$ cat my_file32.cif   # mmCIF, C-alpha atoms
data_model
#
loop_
_atom_site.label_atom_id
_atom_site.label_comp_id
_atom_site.auth_asym_id
_atom_site.auth_seq_id
_atom_site.Cartn_x
_atom_site.Cartn_y
_atom_site.Cartn_z
CA MET A 27 -185.60 49.38 51.06
CA ARG A 28 -182.10 50.45 50.28
CA SER A 29 -183.24 53.68 48.62
CA THR A 30 -185.02 54.84 51.78
CA ALA A 31 -182.18 54.07 54.19
CA PHE A 32 -180.77 57.58 53.80
CA LEU A 33 -184.05 59.03 55.11
CA LEU A 34 -183.65 57.65 58.64
CA PRO A 35 -180.63 59.81 59.60
CA LEU A 36 -182.25 62.81 57.94
CA LEU A 37 -185.50 62.25 59.84
CA ALA A 38 -183.58 61.87 63.11
CA ALA A 39 -181.73 65.13 62.46
CA VAL A 40 -184.90 67.05 61.66
CA THR A 41 -186.68 65.65 64.71
CA SER A 42 -183.82 66.53 67.04
CA CYS A 43 -183.82 70.14 65.77
CA SER A 44 -187.50 70.64 66.45
CA SER A 45 -188.08 73.46 68.94
CA ALA A 46 -191.26 71.94 70.42
CA PRO A 47 -191.50 68.45 71.82
CA ALA A 48 -194.07 66.18 70.28
CA PRO A 49 -197.26 66.17 72.31
CA ALA A 50 -197.57 63.21 74.62
CA PRO A 51 -200.46 60.89 73.95
CA ALA A 52 -203.44 61.86 76.08
CA ASP A 53 -203.77 59.73 79.20
CA PRO A 54 -207.43 58.63 79.29
CA ALA A 55 -207.61 59.02 83.08
CA THR A 56 -206.28 62.58 82.85
CA VAL A 57 -208.73 63.47 80.09
CA GLU A 58 -211.57 61.97 82.13
CA ALA A 59 -210.48 64.04 85.16
CA GLY A 60 -210.49 67.10 82.89
CA HIS A 61 -214.03 66.38 81.72
CA LYS A 62 -215.22 65.92 85.32
CA ALA A 63 -213.50 69.15 86.36
CA PHE A 64 -215.14 71.04 83.50
CA ALA A 65 -218.56 69.62 84.41
CA HIS A 66 -218.12 71.01 87.93
CA LEU A 67 -216.72 74.29 86.62
CA VAL A 68 -219.70 74.85 84.32
CA GLU A 69 -222.09 73.95 87.17
CA VAL A 70 -220.66 76.88 89.13
CA LEU A 71 -220.64 79.22 86.12
CA ARG A 72 -224.35 78.52 85.57
CA HIS A 73 -225.25 79.39 89.14
CA PRO A 74 -227.33 82.60 89.36
CA ARG A 75 -224.53 84.30 91.34
CA CYS A 76 -222.40 84.05 88.21
CA LEU A 77 -225.08 84.36 85.52
CA ASN A 78 -226.49 87.55 87.04
CA CYS A 79 -223.32 89.43 86.05
CA HIS A 80 -222.73 87.49 82.82
CA PRO A 81 -226.03 88.31 81.05
CA ASP A 82 -226.56 87.87 77.33
CA ASP A 83 -228.09 91.33 77.04
CA ASP A 84 -227.50 94.80 78.52
CA ARG A 85 -229.41 94.26 81.78
CA PRO A 86 -227.85 92.80 84.93
CA ARG A 87 -229.91 90.28 86.87
CA GLN A 88 -230.38 89.87 90.58
CA GLY A 89 -231.45 87.13 92.96
CA MET A 90 -231.78 83.42 92.51
CA HIS A 91 -234.60 83.89 89.99
CA GLN A 92 -232.41 86.18 87.88
CA ALA A 93 -234.91 89.02 87.89
CA VAL A 94 -233.95 92.08 85.85
CA HIS A 95 -232.09 94.54 88.10
CA ASP A 96 -234.32 96.86 90.08
CA PRO A 97 -233.92 99.82 89.93
CA PRO A 98 -233.59 99.63 86.15
CA VAL A 99 -230.00 99.96 84.95
CA TRP A 100 -228.16 99.18 81.72
CA ARG A 101 -224.73 97.89 80.84
CA GLY A 102 -223.27 101.12 79.51
CA PRO A 103 -220.31 101.56 77.16
CA ASP A 104 -217.69 100.11 79.51
CA ASP A 105 -219.84 97.42 81.25
CA ARG A 106 -219.98 99.61 84.38
CA GLY A 107 -223.36 101.27 83.84
CA GLU A 108 -224.63 104.30 81.98
CA PRO A 109 -223.31 107.79 82.77
CA GLY A 110 -225.01 108.96 85.94
CA ALA A 111 -225.92 105.39 86.89
CA HIS A 112 -222.58 103.63 87.16
CA CYS A 113 -222.56 100.35 89.05
CA ALA A 114 -220.22 101.81 91.66
CA SER A 115 -222.79 104.51 92.47
CA CYS A 116 -224.60 101.90 94.57
CA HIS A 117 -222.27 98.88 94.64
CA GLN A 118 -219.28 99.77 96.79
CA ASP A 119 -216.13 97.70 97.39
CA ARG A 120 -217.95 95.50 99.94
CA ASN A 121 -221.50 94.57 100.87
CA ALA A 122 -223.48 97.39 102.46
CA THR A 123 -225.07 95.27 105.16
CA ASP A 124 -227.63 97.76 106.46
CA ALA A 125 -228.73 98.81 102.98
CA ARG A 126 -228.53 95.18 101.74
CA VAL A 127 -226.70 96.33 98.62
CA PRO A 128 -224.10 93.83 97.43
CA GLY A 129 -220.59 95.03 96.70
CA ALA A 130 -217.06 94.00 95.83
CA PRO A 131 -214.05 95.82 94.35
CA GLY A 132 -214.56 96.72 90.69
CA TRP A 133 -218.29 95.88 90.55
CA HIS A 134 -219.36 95.63 86.89
CA LEU A 135 -220.91 93.36 84.30
CA ALA A 136 -218.81 90.94 82.32
CA PRO A 137 -218.47 92.01 78.68
CA LEU A 138 -221.10 90.59 76.31
CA SER A 139 -218.39 88.39 74.80
CA MET A 140 -218.22 86.64 78.19
CA ALA A 141 -221.96 85.91 78.50
CA TRP A 142 -222.85 82.23 78.74
CA ARG A 143 -226.49 82.26 79.69
CA GLY A 144 -228.36 79.79 77.49
CA ARG A 145 -225.21 78.30 75.94
CA SER A 146 -224.34 74.60 75.84
CA ASP A 147 -221.47 73.15 77.84
CA ALA A 148 -219.45 72.78 74.64
CA ALA A 149 -220.08 76.42 73.67
CA ILE A 150 -219.07 77.65 77.14
CA CYS A 151 -215.92 75.53 77.03
CA ALA A 152 -214.92 76.91 73.62
CA GLN A 153 -215.65 80.43 74.84
CA LEU A 154 -213.50 80.03 77.97
CA LYS A 155 -210.57 78.91 75.81
CA ASP A 156 -210.95 81.72 73.25
CA LYS A 157 -208.98 84.84 74.23
CA ALA A 158 -211.26 86.95 72.03
CA ARG A 159 -214.23 85.89 74.19
CA ASN A 160 -212.73 85.39 77.66
CA GLY A 161 -211.38 88.83 78.44
CA GLY A 162 -208.09 88.31 76.57
CA ARG A 163 -206.85 85.72 79.05
CA THR A 164 -204.62 82.71 78.59
CA LEU A 165 -205.87 79.60 80.34
CA ASP A 166 -203.48 80.28 83.22
CA GLU A 167 -204.78 83.84 83.49
CA LEU A 168 -208.35 82.52 83.40
CA GLN A 169 -207.53 80.17 86.28
CA GLN A 170 -205.99 83.06 88.21
CA HIS A 171 -209.11 85.19 87.56
CA LEU A 172 -211.37 82.45 88.88
CA ALA A 173 -209.13 81.72 91.88
CA GLU A 174 -208.25 85.27 92.96
CA ASP A 175 -210.49 88.00 91.53
CA PRO A 176 -212.46 89.63 94.38
CA LEU A 177 -215.54 90.04 92.20
CA VAL A 178 -215.57 86.29 91.48
CA GLY A 179 -214.98 85.69 95.19
CA TRP A 180 -218.06 87.74 96.06
CA GLY A 181 -220.21 85.02 94.45
CA PHE A 182 -219.09 82.61 97.19
CA SER A 183 -219.66 85.10 100.00
CA PRO A 184 -222.53 87.31 98.80
CA GLY A 185 -223.70 88.49 102.19
CA HIS A 186 -226.69 88.03 104.45
CA GLY A 187 -229.73 86.37 102.89
CA ARG A 188 -228.09 85.57 99.54
CA GLU A 189 -227.37 82.02 98.42
CA PRO A 190 -223.69 81.63 97.54
CA ALA A 191 -222.36 79.88 94.48
CA PRO A 192 -221.54 76.24 95.29
CA GLY A 193 -218.17 75.52 96.86
CA SER A 194 -215.50 78.15 97.40
CA GLN A 195 -213.36 80.39 95.26
CA ALA A 196 -210.29 78.32 96.16
CA ALA A 197 -212.08 75.13 95.07
CA LEU A 198 -213.13 76.80 91.81
CA GLY A 199 -209.51 77.76 91.16
CA ASP A 200 -208.39 74.19 91.90
CA THR A 201 -211.08 72.79 89.61
CA ALA A 202 -210.02 75.14 86.80
CA ARG A 203 -206.39 74.07 87.32
CA THR A 204 -207.35 70.38 87.04
CA TRP A 205 -209.28 71.09 83.82
CA ILE A 206 -206.41 73.11 82.32
CA ASP A 207 -203.72 70.59 83.34
CA ALA A 208 -205.77 67.87 81.63
CA GLY A 209 -205.57 69.82 78.36
CA ALA A 210 -208.81 71.78 78.92
CA PRO A 211 -210.98 69.16 77.20
CA CYS A 212 -214.39 70.26 75.97
CA PRO A 213 -217.51 68.15 75.81
CA PRO A 214 -218.69 67.21 72.34
CA ARG A 215 -220.79 69.77 70.49
CA GLY A 216 -224.49 69.26 70.82
CA GLU A 217 -224.22 67.85 74.35
CA PRO A 218 -227.29 68.83 76.34
CA GLN A 219 -226.89 71.37 79.09
#

$ encode --input "my_file32.cif" --output "structure tokens"
Amino acid sequence: MRSTAFLLPLLAAVTSCSSAPAPAPADPATVEAGHKAFAHLVEVLRHPRCLNCHPDDDRPRQGMHQAVHDPPVWRGPDDRGEPGAHCASCHQDRNATDARVPGAPGWHLAPLSMAWRGRSDAAICAQLKDKARNGGRTLDELQQHLAEDPLVGWGFSPGHGREPAPGSQAALGDTARTWIDAGAPCPPRGEPQ
């Protein structure tokens, strides 16, 4: 025991010089709240209002049945349509009520890296946390995107005759904040959708 006594002051010195505090043990109630928040978050992300613009191919979808966009259009090199058929050619910065064409500022498809159609909860969770697959966003920036982006907001107020995504954009932002503040826990891999 005597030979290890010199290690205690050394260990204390090294610990006090550490630039990052040791992570606090996870509070089970907080982690559980994070899992519940993510379950609600993914429920919204899987709604057709979100999935229609987050397709896993080059074709946007429309309607609650996620029919392929009519007239036929394709993603294009910048996710905003092909030359001569850009999304903004029809989709303006707001809904065109008389023409029944939906619109919001910056109308476009999410990049393929941000598609989650057909993915498990665990895969979507990992994707949301991965800057290479979430639009280059930190978790705080992701929360801000969900809470404030007008295109996301359109999903909650899609115009006459269109079913909105469940809840509100503000509630989605709050839910994302709860999930992030709980450490952004993911469900186990292989969990059913």

$ residues_around --input "my_file32.cif" --residues "A:Ala111" --least-positions-apart "2" --cutoff "12 Å" --atoms "all atoms listed in the file" --output "list in words"
Pro97, Pro98, Val99, Trp100, Arg101, Gly102, Pro103, Asp105, Arg106, Gly107, Glu108, Pro109, Cys113, Ala114, Ser115, Cys116, His117 and His134 of chain A

$ closest_residue --input "my_file32.cif" --among "A:Gln170, A:Asn121, A:Thr56, A:Gln153" --to "A:Leu138" --atoms "all atoms listed in the file"
A:Gln153

$ resolve_selection --input "my_file32.cif" --expression "the PyMOL selection byres ((chain A and resi 91) around 12)" --output "VMD selection string"
chain A and resid 73 to 75 77 to 78 87 to 90 92 to 95 188 to 189

$ write_last_selection --input "my_file32.cif" --atoms "C-alpha atoms" --output "CSV table (one decimal), in the coordinates of the input"
chain,number,residue,atom,x,y,z
A,73,HIS,CA,-225.2,79.4,89.1
A,74,PRO,CA,-227.3,82.6,89.4
A,75,ARG,CA,-224.5,84.3,91.3
A,77,LEU,CA,-225.1,84.4,85.5
A,78,ASN,CA,-226.5,87.6,87.0
A,87,ARG,CA,-229.9,90.3,86.9
A,88,GLN,CA,-230.4,89.9,90.6
A,89,GLY,CA,-231.4,87.1,93.0
A,90,MET,CA,-231.8,83.4,92.5
A,92,GLN,CA,-232.4,86.2,87.9
A,93,ALA,CA,-234.9,89.0,87.9
A,94,VAL,CA,-234.0,92.1,85.8
A,95,HIS,CA,-232.1,94.5,88.1
A,188,ARG,CA,-228.1,85.6,99.5
A,189,GLU,CA,-227.4,82.0,98.4

$ atom_distance --input "my_file32.cif" --atom1 "atom CA of A:Val57" --atom2 "atom CA of A:Met140"
25.1 Å

$ residues_near_point --input "my_file32.cif" --point "(-210.9, 68.3, 80.0)" --cutoff "8 Å" --atoms "all atoms listed in the file" --output "list in words"
Thr56, Val57, Glu58, Ala59, Gly60, His61, Lys62, Ala63, Phe64, Trp205, Ile206, Ala208, Gly209, Ala210, Pro211, Cys212 and Pro213 of chain A

$ closest_residue --input "my_file32.cif" --among "A:Ala173, A:Asp83, A:Gly179, A:Ala122" --to "A:Ala141" --atoms "all atoms listed in the file"
A:Asp83

$ atom_distance --input "my_file32.cif" --atom1 "atom CA of A:Asp147" --atom2 "atom CA of A:Ala65"
8.0 Å

$ axis_aligned_box --input "my_file32.cif" --around "stretch 87-98 of chain A" --padding-each-side "6 Å" --output "JSON"
{"center_x": -232.4, "center_y": 91.6, "center_z": 89.4, "size_x": 17.0, "size_y": 28.4, "size_z": 19.1}

$ closest_residue --input "my_file32.cif" --among "A:Cys151, A:Val178, A:Ala158, A:Leu165" --to "A:Ala130" --atoms "all atoms listed in the file"
A:Val178

$ closest_residue --input "my_file32.cif" --among "A:Trp142, A:Arg85, A:Pro214, A:Asn160" --to "A:Leu71" --atoms "only C-alpha atoms"
A:Trp142

$ residues_around --input "my_file32.cif" --residues "A:His171" --least-positions-apart "5" --cutoff "12 Å" --atoms "all atoms listed in the file" --output "list in words"
Leu154, Asn160, Gly161, Gly162, Arg163, Thr164, Leu165, Asp166, Pro176, Leu177, Val178, Gly179, Gln195, Ala196, Leu198, Gly199, Asp200, Ala202 and Arg203 of chain A

$ write_last_selection --input "my_file32.cif" --atoms "C-alpha atoms" --output "short mmCIF file (atom, residue, chain, number, x, y, z; two decimals), in the frame of the given file"
data_model
loop_
_atom_site.label_atom_id
_atom_site.label_comp_id
_atom_site.auth_asym_id
_atom_site.auth_seq_id
_atom_site.Cartn_x
_atom_site.Cartn_y
_atom_site.Cartn_z
CA LEU A 154 -213.50 80.03 77.97
CA ASN A 160 -212.73 85.39 77.66
CA GLY A 161 -211.38 88.83 78.44
CA GLY A 162 -208.09 88.31 76.57
CA ARG A 163 -206.85 85.72 79.05
CA THR A 164 -204.62 82.71 78.59
CA LEU A 165 -205.87 79.60 80.34
CA ASP A 166 -203.48 80.28 83.22
CA PRO A 176 -212.46 89.63 94.38
CA LEU A 177 -215.54 90.04 92.20
CA VAL A 178 -215.57 86.29 91.48
CA GLY A 179 -214.98 85.69 95.19
CA GLN A 195 -213.36 80.39 95.26
CA ALA A 196 -210.29 78.32 96.16
CA LEU A 198 -213.13 76.80 91.81
CA GLY A 199 -209.51 77.76 91.16
CA ASP A 200 -208.39 74.19 91.90
CA ALA A 202 -210.02 75.14 86.80
CA ARG A 203 -206.39 74.07 87.32
#

$ resolve_selection --input "my_file32.cif" --expression "the PyMOL selection byres ((chain A and resi 192) around 9)" --output "list in words"
Glu69, Val70, His73, Gly181, Phe182, Glu189, Pro190, Ala191, Gly193 and Ser194 of chain A

$ atom_distance --input "my_file32.cif" --atom1 "atom CA of A:Cys79" --atom2 "atom CA of A:Arg215"
25.2 Å

$ resolve_selection --input "my_file32.cif" --expression "the PyMOL selection byres ((chain A and resi 186) around 8)" --output "count of residues only"
6

$ closest_residue --input "my_file32.cif" --among "A:Pro54, A:Leu67, A:Trp133, A:Asp96" --to "A:Ile150" --atoms "only C-alpha atoms"
A:Leu67
